file structure-v7.cif (mmCIF, C-alpha atoms)
data_coords
loop_
_atom_site.label_atom_id
_atom_site.label_comp_id
_atom_site.auth_asym_id
_atom_site.auth_seq_id
_atom_site.Cartn_x
_atom_site.Cartn_y
_atom_site.Cartn_z
CA MET A 1 -0.09 -5.83 -0.02
CA ARG A 2 1.18 -8.62 2.18
CA GLY A 3 3.60 -7.67 4.93
CA PHE A 4 4.86 -4.40 3.39
CA PHE A 5 4.52 -2.31 6.50
CA ASN A 6 5.93 -5.02 8.76
CA VAL A 7 9.47 -3.96 7.87
CA GLU A 8 11.11 -2.05 10.69
CA ILE A 9 11.11 1.68 10.16
CA ILE A 10 14.69 2.06 11.41
CA SER A 11 16.00 -0.51 8.95
CA PHE A 12 14.04 1.05 6.14
CA GLY A 13 15.43 4.46 6.99
CA ILE A 14 18.99 3.18 6.63
CA CYS A 15 18.45 1.70 3.19
CA VAL A 16 15.88 4.09 1.78
CA PHE A 17 18.52 6.28 0.16
CA LEU A 18 20.07 3.37 -1.67
CA LEU A 19 17.27 3.30 -4.20
CA CYS A 20 17.74 6.99 -4.80
CA SER A 21 21.50 6.83 -5.26
CA CYS A 22 21.93 3.66 -7.33
CA ASN A 23 24.23 4.18 -10.28
CA THR A 24 23.33 3.51 -13.87
CA LYS A 25 25.70 0.67 -14.62
CA THR A 26 22.92 -1.86 -15.26
CA SER A 27 20.45 0.36 -17.01
CA GLU A 28 21.49 1.67 -20.41
CA PRO A 29 18.18 1.57 -22.30
CA GLU A 30 19.61 0.45 -25.65
CA ASN A 31 22.28 -2.07 -24.76
CA LYS A 32 22.19 -5.33 -22.85
CA ASN A 33 18.98 -4.49 -20.97
CA ASP A 34 17.04 -4.35 -24.23
CA GLN A 35 15.44 -7.76 -24.32
CA LYS A 36 16.59 -9.52 -27.50
CA THR A 37 14.76 -12.81 -27.01
CA VAL A 38 12.58 -13.34 -30.09
CA ARG A 39 11.50 -16.41 -31.97
CA ASP A 40 14.03 -17.36 -34.65
CA ASN A 41 11.45 -17.42 -37.44
CA THR A 42 9.84 -14.05 -36.62
CA PRO A 43 11.26 -10.96 -38.38
CA GLU A 44 12.00 -8.34 -35.73
CA ASP A 45 10.28 -5.56 -37.64
CA THR A 46 6.96 -7.39 -37.32
CA MET A 47 7.18 -7.60 -33.55
CA LYS A 48 5.03 -5.34 -31.40
CA ILE A 49 6.91 -3.45 -28.69
CA ILE A 50 6.31 -3.47 -24.94
CA MET A 51 8.37 -0.64 -23.44
CA CYS A 52 9.22 -0.88 -19.72
CA PHE A 53 10.09 2.67 -18.67
CA GLY A 54 11.25 3.06 -15.10
CA ASN A 55 14.02 3.18 -12.51
CA SER A 56 16.25 0.53 -10.92
CA LEU A 57 13.23 -1.69 -10.26
CA THR A 58 12.84 -1.98 -14.02
CA ALA A 59 16.55 -1.95 -14.86
CA GLY A 60 17.09 -4.93 -12.55
CA TYR A 61 19.59 -3.46 -10.13
CA GLY A 62 21.56 -6.14 -8.31
CA VAL A 63 20.37 -9.10 -10.39
CA ASP A 64 21.25 -10.49 -13.78
CA VAL A 65 19.42 -8.69 -16.58
CA ASN A 66 17.71 -11.97 -17.46
CA GLU A 67 16.20 -12.09 -13.95
CA ALA A 68 14.60 -8.62 -14.05
CA TYR A 69 10.90 -8.37 -14.81
CA PRO A 70 11.22 -7.19 -18.46
CA ALA A 71 13.15 -10.36 -19.33
CA LEU A 72 10.64 -12.50 -17.44
CA LEU A 73 7.80 -10.82 -19.31
CA GLN A 74 9.58 -11.65 -22.56
CA LYS A 75 9.67 -15.31 -21.58
CA LYS A 76 5.95 -15.23 -20.87
CA VAL A 77 4.96 -13.71 -24.19
CA ASP A 78 7.33 -16.03 -26.05
CA SER A 79 5.85 -19.07 -24.32
CA LEU A 80 2.43 -18.03 -25.58
CA GLY A 81 3.67 -17.49 -29.12
CA LEU A 82 2.88 -13.78 -29.02
CA LYS A 83 4.79 -11.47 -31.35
CA TYR A 84 6.01 -8.96 -28.80
CA LYS A 85 9.48 -7.69 -28.00
CA VAL A 86 9.94 -6.39 -24.44
CA VAL A 87 12.35 -3.46 -24.17
CA ASN A 88 13.99 -2.65 -20.84
CA ALA A 89 14.21 1.16 -20.62
CA GLY A 90 14.92 1.23 -16.90
CA LEU A 91 17.48 3.66 -15.50
CA SER A 92 18.74 3.26 -11.95
CA GLY A 93 18.15 6.30 -9.76
CA GLU A 94 15.57 7.76 -12.14
CA THR A 95 12.98 10.20 -10.78
CA SER A 96 9.77 11.34 -12.44
CA ALA A 97 11.57 14.54 -13.50
CA GLY A 98 14.30 12.47 -15.11
CA GLY A 99 11.63 10.50 -16.91
CA VAL A 100 10.20 13.69 -18.38
CA ASN A 101 13.65 14.58 -19.73
CA ARG A 102 14.17 11.11 -21.19
CA ILE A 103 10.78 10.31 -22.67
CA ASP A 104 11.30 11.90 -26.09
CA TRP A 105 14.46 9.86 -26.58
CA VAL A 106 12.90 6.47 -25.79
CA LEU A 107 9.85 7.19 -27.96
CA ARG A 108 12.00 7.47 -31.08
CA GLN A 109 11.05 3.84 -31.68
CA LYS A 110 7.52 2.59 -32.05
CA VAL A 111 5.80 1.46 -28.85
CA ASP A 112 2.61 -0.58 -28.67
CA ILE A 113 2.37 -0.97 -24.89
CA PHE A 114 4.09 1.43 -22.49
CA ILE A 115 4.62 0.33 -18.87
CA LEU A 116 5.32 3.40 -16.74
CA GLU A 117 7.17 2.56 -13.49
CA LEU A 118 8.38 5.79 -11.90
CA GLY A 119 7.76 7.77 -8.72
CA ALA A 120 9.29 5.60 -6.02
CA ASN A 121 12.50 7.63 -5.88
CA ASP A 122 10.44 10.81 -5.64
CA GLY A 123 8.60 9.45 -2.63
CA LEU A 124 11.74 8.29 -0.88
CA ARG A 125 13.27 11.73 -1.36
CA GLY A 126 10.17 13.48 -0.08
CA ILE A 127 9.59 15.36 -3.34
CA ASN A 128 6.38 17.37 -3.41
CA VAL A 129 3.57 15.00 -4.40
CA LYS A 130 2.05 17.56 -6.76
CA VAL A 131 5.35 17.79 -8.64
CA THR A 132 5.59 14.01 -9.00
CA LYS A 133 2.03 13.80 -10.21
CA GLN A 134 2.59 16.58 -12.75
CA ASN A 135 5.72 14.88 -14.06
CA LEU A 136 3.99 11.54 -14.49
CA GLN A 137 1.12 13.29 -16.25
CA GLN A 138 3.61 14.93 -18.63
CA ILE A 139 5.03 11.53 -19.50
CA ILE A 140 1.56 10.12 -20.12
CA ASP A 141 0.67 13.14 -22.25
CA LYS A 142 3.85 12.77 -24.29
CA VAL A 143 3.17 9.11 -25.00
CA LYS A 144 -0.35 9.95 -26.14
CA GLU A 145 0.96 12.80 -28.28
CA ILE A 146 3.76 10.93 -30.02
CA SER A 147 2.11 7.53 -30.18
CA PRO A 148 -1.68 7.92 -29.89
CA GLY A 149 -2.38 4.22 -30.36
CA THR A 150 -0.09 3.09 -27.55
CA LYS A 151 -1.68 1.38 -24.56
CA ILE A 152 -0.35 2.69 -21.25
CA VAL A 153 0.01 0.63 -18.08
CA LEU A 154 0.81 2.54 -14.89
CA ALA A 155 2.69 0.74 -12.12
CA GLY A 156 1.40 1.82 -8.74
CA MET A 157 3.88 2.42 -5.94
CA ARG A 158 3.53 2.92 -2.21
CA ILE A 159 5.87 4.23 0.44
CA PRO A 160 6.02 3.29 4.14
CA PRO A 161 4.54 5.41 6.95
CA SER A 162 8.04 6.38 8.06
CA MET A 163 7.81 9.17 5.49
CA GLY A 164 4.99 10.71 7.51
CA ASP A 165 1.33 9.76 7.52
CA ALA A 166 0.03 12.74 5.55
CA TYR A 167 2.72 12.52 2.87
CA THR A 168 2.36 8.74 2.58
CA LYS A 169 -1.39 8.91 2.04
CA GLU A 170 -1.07 11.67 -0.54
CA PHE A 171 1.70 9.87 -2.40
CA ASN A 172 -0.13 6.55 -2.52
CA LYS A 173 -3.09 8.26 -4.20
CA ILE A 174 -1.03 9.48 -7.14
CA PHE A 175 -1.30 6.32 -9.16
CA PRO A 176 -4.99 5.41 -8.91
CA ASP A 177 -5.85 9.07 -9.48
CA LEU A 178 -3.75 9.25 -12.65
CA ALA A 179 -5.06 5.93 -13.94
CA LYS A 180 -8.65 7.08 -13.49
CA LYS A 181 -8.04 10.52 -14.98
CA ASN A 182 -6.32 9.14 -18.07
CA ASN A 183 -8.39 5.97 -18.42
CA ILE A 184 -5.30 3.77 -18.43
CA ALA A 185 -4.56 0.38 -16.89
CA LEU A 186 -3.22 0.30 -13.33
CA ILE A 187 -1.06 -2.22 -11.51
CA PRO A 188 -2.27 -1.44 -7.96
CA PHE A 189 1.10 -2.04 -6.29
CA LEU A 190 4.13 -3.23 -8.25
CA LEU A 191 5.82 -4.73 -5.19
CA ASP A 192 2.78 -6.47 -3.74
CA GLY A 193 4.03 -9.56 -1.91
CA VAL A 194 7.64 -8.39 -2.19
CA GLY A 195 7.92 -5.05 -0.38
CA GLY A 196 8.90 -5.63 3.25
CA GLU A 197 9.47 -9.36 2.75
CA SER A 198 13.17 -9.91 3.49
CA LYS A 199 13.34 -13.25 1.69
CA PHE A 200 12.35 -11.56 -1.57
CA ASN A 201 14.63 -8.54 -1.25
CA GLN A 202 18.33 -7.94 -1.57
CA GLY A 203 20.41 -6.82 1.39
CA ASP A 204 19.34 -3.20 0.95
CA GLY A 205 15.76 -4.20 1.76
CA ILE A 206 14.44 -2.42 -1.32
CA HIS A 207 15.45 -4.13 -4.54
CA PRO A 208 13.90 -7.52 -5.32
CA THR A 209 15.94 -10.69 -5.58
CA ALA A 210 15.54 -12.99 -8.55
CA GLU A 211 12.74 -14.74 -6.66
CA GLY A 212 11.18 -11.41 -5.81
CA TYR A 213 11.15 -10.44 -9.47
CA LYS A 214 9.12 -13.53 -10.26
CA ILE A 215 6.38 -12.17 -8.00
CA VAL A 216 6.72 -8.68 -9.46
CA THR A 217 6.32 -10.17 -12.92
CA GLU A 218 3.10 -11.90 -11.90
CA ASN A 219 1.77 -8.61 -10.49
CA ILE A 220 2.42 -6.98 -13.85
CA TRP A 221 1.15 -9.90 -15.89
CA LYS A 222 -2.27 -9.84 -14.24
CA VAL A 223 -2.81 -6.42 -15.82
CA LEU A 224 -0.63 -6.64 -18.91
CA LYS A 225 -2.26 -9.78 -20.31
CA GLU A 226 -5.51 -7.87 -20.75
CA GLN A 227 -3.68 -5.33 -22.93
CA LEU A 228 -2.38 -8.02 -25.27
CA LYS A 229 -5.83 -8.96 -26.51
#

call {"tool": "encode", "arguments": {"input": "structure-v7.cif", "output": "structure tokens"}}
result
Amino acid sequence: MRGFFNVEIISFGICVFLLCSCNTKTSEPENKNDQKTVRDNTPEDTMKIIMCFGNSLTAGYGVDVNEAYPALLQKKVDSLGLKYKVVNAGLSGETSAGGVNRIDWVLRQKVDIFILELGANDGLRGINVKVTKQNLQQIIDKVKEISPGTKIVLAGMRIPPSMGDAYTKEFNKIFPDLAKKNNIALIPFLLDGVGGESKFNQGDGIHPTAEGYKIVTENIWKVLKEQLK
């Protein structure tokens, strides 16, 4: 993680609540954020589905939907001639508890690869780490129950030391612990190279710019490409 903790704690404290309170105007799971880019000669019902399930970082808060990482992943798979449709199921302001409430709804369609990006809002709100971990485990369990053949990719998140050293350390362990326990793929840190780098973040200091999302996409792709084999 390059430069993440170089961001000033005071500045972070001012903007930290923005991620928690973002509205949902860019994040309806079924409408314009569902990535519709498919090859003209490929029937949609033959496409495999990559579901991106997360918060504003997935929804693409503050950027055009085509600049968020689900759309950039779609471009990558299309460029390789792979028959995958990437679905943006990001919801701004979503917590792990909200994800538990929403998971049944999004799994009404088939899913071949499920990217789970939740937990950051929990950490920024200081929610009990055990609760966050339990919620994420419930989501993983539900995916395995409803769609046993689905491959799960967990996006790791980290929070700054301004949240308190003990809490920060415990929170940062959630994701590698869950990945190991469930034998699922792990993106070590979704915002590696972006978090704390002002040139890759919007004015709130939290949400990536279009350029930042290009880096986020590469972080995901390093892990996701192994699941496409």

call {"tool": "resolve_selection", "arguments": {"input": "structure-v7.cif", "expression": "the PyMOL selection byres ((chain A and resi 172-186) around 9)", "output": "list in words"}}
result
Val129, Lys130, Thr132, Lys133, Leu136, Gln137, Ile140, Lys151, Ile152, Val153, Leu154, Ala155, Gly156, Met157, Arg158, Ile159, Tyr167, Thr168, Lys169, Glu170, Phe171, Ile187, Pro188, Phe189, Val223, Leu224 and Gln227 of chain A

call {"tool": "atom_distance", "arguments": {"input": "structure-v7.cif", "atom1": "atom CA of Leu82 of chain A", "atom2": "atom CA of Thr58 of chain A"}}
result
21.5 Å

call {"tool": "residues_around", "arguments": {"input": "structure-v7.cif", "residues": "Pro208 of chain A", "least_positions_apart": "6", "cutoff": "8 Å", "atoms": "only C-alpha atoms", "output": "compact mmCIF listing (two decimals) with C-alpha atoms, keeping the file's coordinate frame"}}
result
# COMPACT_ATOMS: atom_id res chain seq x y z
CA LEU A 57 13.23 -1.69 -10.26
CA VAL A 194 7.64 -8.39 -2.19
CA PHE A 200 12.35 -11.56 -1.57
CA ASN A 201 14.63 -8.54 -1.25
CA GLN A 202 18.33 -7.94 -1.57

call {"tool": "resolve_selection", "arguments": {"input": "structure-v7.cif", "expression": "the PyMOL selection byres ((chain A and resi 126) around 12)", "output": "number ranges by chain"}}
result
A: 16-17, 20, 95, 119-125, 127-132, 159-160, 162-164, 166-168, 170-171

call {"tool": "resolve_selection", "arguments": {"input": "structure-v7.cif", "expression": "the PyMOL selection byres ((chain A and resi 76) around 12)", "output": "NGL selection string"}}
result
:A and (37-38 or 69-75 or 77-86 or 214 or 217-218 or 220-222 or 224-225 or 228)

call {"tool": "write_last_selection", "arguments": {"input": "structure-v7.cif", "atoms": "C-alpha atoms", "output": "CSV table (one decimal), keeping the file's coordinate frame"}}
result
chain,number,residue,atom,x,y,z
A,37,THR,CA,14.8,-12.8,-27.0
A,38,VAL,CA,12.6,-13.3,-30.1
A,69,TYR,CA,10.9,-8.4,-14.8
A,70,PRO,CA,11.2,-7.2,-18.5
A,71,ALA,CA,13.2,-10.4,-19.3
A,72,LEU,CA,10.6,-12.5,-17.4
A,73,LEU,CA,7.8,-10.8,-19.3
A,74,GLN,CA,9.6,-11.6,-22.6
A,75,LYS,CA,9.7,-15.3,-21.6
A,77,VAL,CA,5.0,-13.7,-24.2
A,78,ASP,CA,7.3,-16.0,-26.0
A,79,SER,CA,5.8,-19.1,-24.3
A,80,LEU,CA,2.4,-18.0,-25.6
A,81,GLY,CA,3.7,-17.5,-29.1
A,82,LEU,CA,2.9,-13.8,-29.0
A,83,LYS,CA,4.8,-11.5,-31.4
A,84,TYR,CA,6.0,-9.0,-28.8
A,85,LYS,CA,9.5,-7.7,-28.0
A,86,VAL,CA,9.9,-6.4,-24.4
A,214,LYS,CA,9.1,-13.5,-10.3
A,217,THR,CA,6.3,-10.2,-12.9
A,218,GLU,CA,3.1,-11.9,-11.9
A,220,ILE,CA,2.4,-7.0,-13.8
A,221,TRP,CA,1.2,-9.9,-15.9
A,222,LYS,CA,-2.3,-9.8,-14.2
A,224,LEU,CA,-0.6,-6.6,-18.9
A,225,LYS,CA,-2.3,-9.8,-20.3
A,228,LEU,CA,-2.4,-8.0,-25.3

call {"tool": "atom_distance", "arguments": {"input": "structure-v7.cif", "atom1": "atom CA of Asn219 of chain A", "atom2": "atom CA of Gly193 of chain A"}}
result
8.9 Å

call {"tool": "atom_distance", "arguments": {"input": "structure-v7.cif", "atom1": "atom CA of Ser96 of chain A", "atom2": "atom CA of Tyr213 of chain A"}}
result
22.0 Å

call {"tool": "residues_around", "arguments": {"input": "structure-v7.cif", "residues": "Glu67 of chain A", "least_positions_apart": "2", "cutoff": "6 Å", "atoms": "all atoms listed in the file", "output": "ChimeraX atom specification"}}
result
/A:64-65,210

call {"tool": "build_atoms", "arguments": {"input": "structure-v7.cif", "residues": "segment 54-83 of chain A", "atoms": "N, CA and C atoms", "output": "mmCIF file, in the frame of the given file"}}
result
data_model
loop_
_atom_site.group_PDB
_atom_site.id
_atom_site.type_symbol
_atom_site.label_atom_id
_atom_site.label_comp_id
_atom_site.auth_asym_id
_atom_site.auth_seq_id
_atom_site.Cartn_x
_atom_site.Cartn_y
_atom_site.Cartn_z
ATOM 1 N N GLY A 54 11.257 2.898 -16.549
ATOM 2 C CA GLY A 54 11.250 3.060 -15.100
ATOM 3 C C GLY A 54 12.624 3.304 -14.521
ATOM 4 N N ASN A 55 12.770 2.968 -13.238
ATOM 5 C CA ASN A 55 14.020 3.180 -12.510
ATOM 6 C C ASN A 55 14.741 1.855 -12.292
ATOM 7 N N SER A 56 15.467 1.737 -11.177
ATOM 8 C CA SER A 56 16.250 0.530 -10.920
ATOM 9 C C SER A 56 15.379 -0.715 -10.765
ATOM 10 N N LEU A 57 14.134 -0.540 -10.375
ATOM 11 C CA LEU A 57 13.230 -1.690 -10.260
ATOM 12 C C LEU A 57 12.962 -2.308 -11.619
ATOM 13 N N THR A 58 12.996 -1.488 -12.653
ATOM 14 C CA THR A 58 12.840 -1.980 -14.020
ATOM 15 C C THR A 58 14.183 -2.423 -14.587
ATOM 16 N N ALA A 59 15.223 -1.632 -14.320
ATOM 17 C CA ALA A 59 16.550 -1.950 -14.860
ATOM 18 C C ALA A 59 17.057 -3.296 -14.348
ATOM 19 N N GLY A 60 16.640 -3.665 -13.134
ATOM 20 C CA GLY A 60 17.090 -4.930 -12.550
ATOM 21 C C GLY A 60 18.338 -4.786 -11.734
ATOM 22 N N TYR A 61 18.411 -3.718 -10.951
ATOM 23 C CA TYR A 61 19.590 -3.460 -10.130
ATOM 24 C C TYR A 61 19.884 -4.639 -9.205
ATOM 25 N N GLY A 62 21.114 -5.105 -9.236
ATOM 26 C CA GLY A 62 21.560 -6.140 -8.310
ATOM 27 C C GLY A 62 21.285 -7.569 -8.740
ATOM 28 N N VAL A 63 20.604 -7.755 -9.875
ATOM 29 C CA VAL A 63 20.370 -9.100 -10.390
ATOM 30 C C VAL A 63 20.821 -9.151 -11.841
ATOM 31 N N ASP A 64 20.933 -10.347 -12.376
ATOM 32 C CA ASP A 64 21.250 -10.490 -13.780
ATOM 33 C C ASP A 64 20.112 -9.922 -14.613
ATOM 34 N N VAL A 65 20.449 -9.312 -15.746
ATOM 35 C CA VAL A 65 19.420 -8.690 -16.580
ATOM 36 C C VAL A 65 18.329 -9.686 -16.967
ATOM 37 N N ASN A 66 18.685 -10.946 -17.085
ATOM 38 C CA ASN A 66 17.710 -11.970 -17.460
ATOM 39 C C ASN A 66 16.777 -12.353 -16.310
ATOM 40 N N GLU A 67 17.047 -11.804 -15.111
ATOM 41 C CA GLU A 67 16.200 -12.090 -13.950
ATOM 42 C C GLU A 67 15.273 -10.924 -13.621
ATOM 43 N N ALA A 68 15.450 -9.787 -14.281
ATOM 44 C CA ALA A 68 14.600 -8.620 -14.050
ATOM 45 C C ALA A 68 13.248 -8.842 -14.736
ATOM 46 N N TYR A 69 12.242 -8.081 -14.316
ATOM 47 C CA TYR A 69 10.900 -8.370 -14.810
ATOM 48 C C TYR A 69 10.723 -8.199 -16.324
ATOM 49 N N PRO A 70 11.416 -7.249 -17.003
ATOM 50 C CA PRO A 70 11.220 -7.190 -18.460
ATOM 51 C C PRO A 70 11.615 -8.489 -19.156
ATOM 52 N N ALA A 71 12.726 -9.091 -18.735
ATOM 53 C CA ALA A 71 13.150 -10.360 -19.330
ATOM 54 C C ALA A 71 12.168 -11.472 -19.020
ATOM 55 N N LEU A 72 11.619 -11.476 -17.808
ATOM 56 C CA LEU A 72 10.640 -12.500 -17.440
ATOM 57 C C LEU A 72 9.339 -12.323 -18.212
ATOM 58 N N LEU A 73 8.971 -11.070 -18.472
ATOM 59 C CA LEU A 73 7.800 -10.820 -19.310
ATOM 60 C C LEU A 73 8.034 -11.335 -20.731
ATOM 61 N N GLN A 74 9.254 -11.146 -21.227
ATOM 62 C CA GLN A 74 9.580 -11.650 -22.560
ATOM 63 C C GLN A 74 9.389 -13.167 -22.633
ATOM 64 N N LYS A 75 9.826 -13.853 -21.593
ATOM 65 C CA LYS A 75 9.670 -15.310 -21.580
ATOM 66 C C LYS A 75 8.196 -15.697 -21.602
ATOM 67 N N LYS A 76 7.377 -14.922 -20.903
ATOM 68 C CA LYS A 76 5.950 -15.230 -20.870
ATOM 69 C C LYS A 76 5.309 -15.056 -22.251
ATOM 70 N N VAL A 77 5.585 -13.929 -22.896
ATOM 71 C CA VAL A 77 4.960 -13.710 -24.190
ATOM 72 C C VAL A 77 5.487 -14.696 -25.228
ATOM 73 N N ASP A 78 6.772 -15.040 -25.134
ATOM 74 C CA ASP A 78 7.330 -16.030 -26.050
ATOM 75 C C ASP A 78 6.682 -17.396 -25.859
ATOM 76 N N SER A 79 6.443 -17.760 -24.597
ATOM 77 C CA SER A 79 5.850 -19.070 -24.320
ATOM 78 C C SER A 79 4.442 -19.193 -24.865
ATOM 79 N N LEU A 80 3.795 -18.047 -25.041
ATOM 80 C CA LEU A 80 2.430 -18.030 -25.580
ATOM 81 C C LEU A 80 2.406 -17.804 -27.088
ATOM 82 N N GLY A 81 3.586 -17.682 -27.672
ATOM 83 C CA GLY A 81 3.670 -17.490 -29.120
ATOM 84 C C GLY A 81 3.220 -16.113 -29.566
ATOM 85 N N LEU A 82 3.313 -15.135 -28.680
ATOM 86 C CA LEU A 82 2.880 -13.780 -29.020
ATOM 87 C C LEU A 82 4.040 -12.990 -29.621
ATOM 88 N N LYS A 83 3.740 -12.208 -30.632
ATOM 89 C CA LYS A 83 4.790 -11.470 -31.350
ATOM 90 C C LYS A 83 5.056 -10.124 -30.703
#
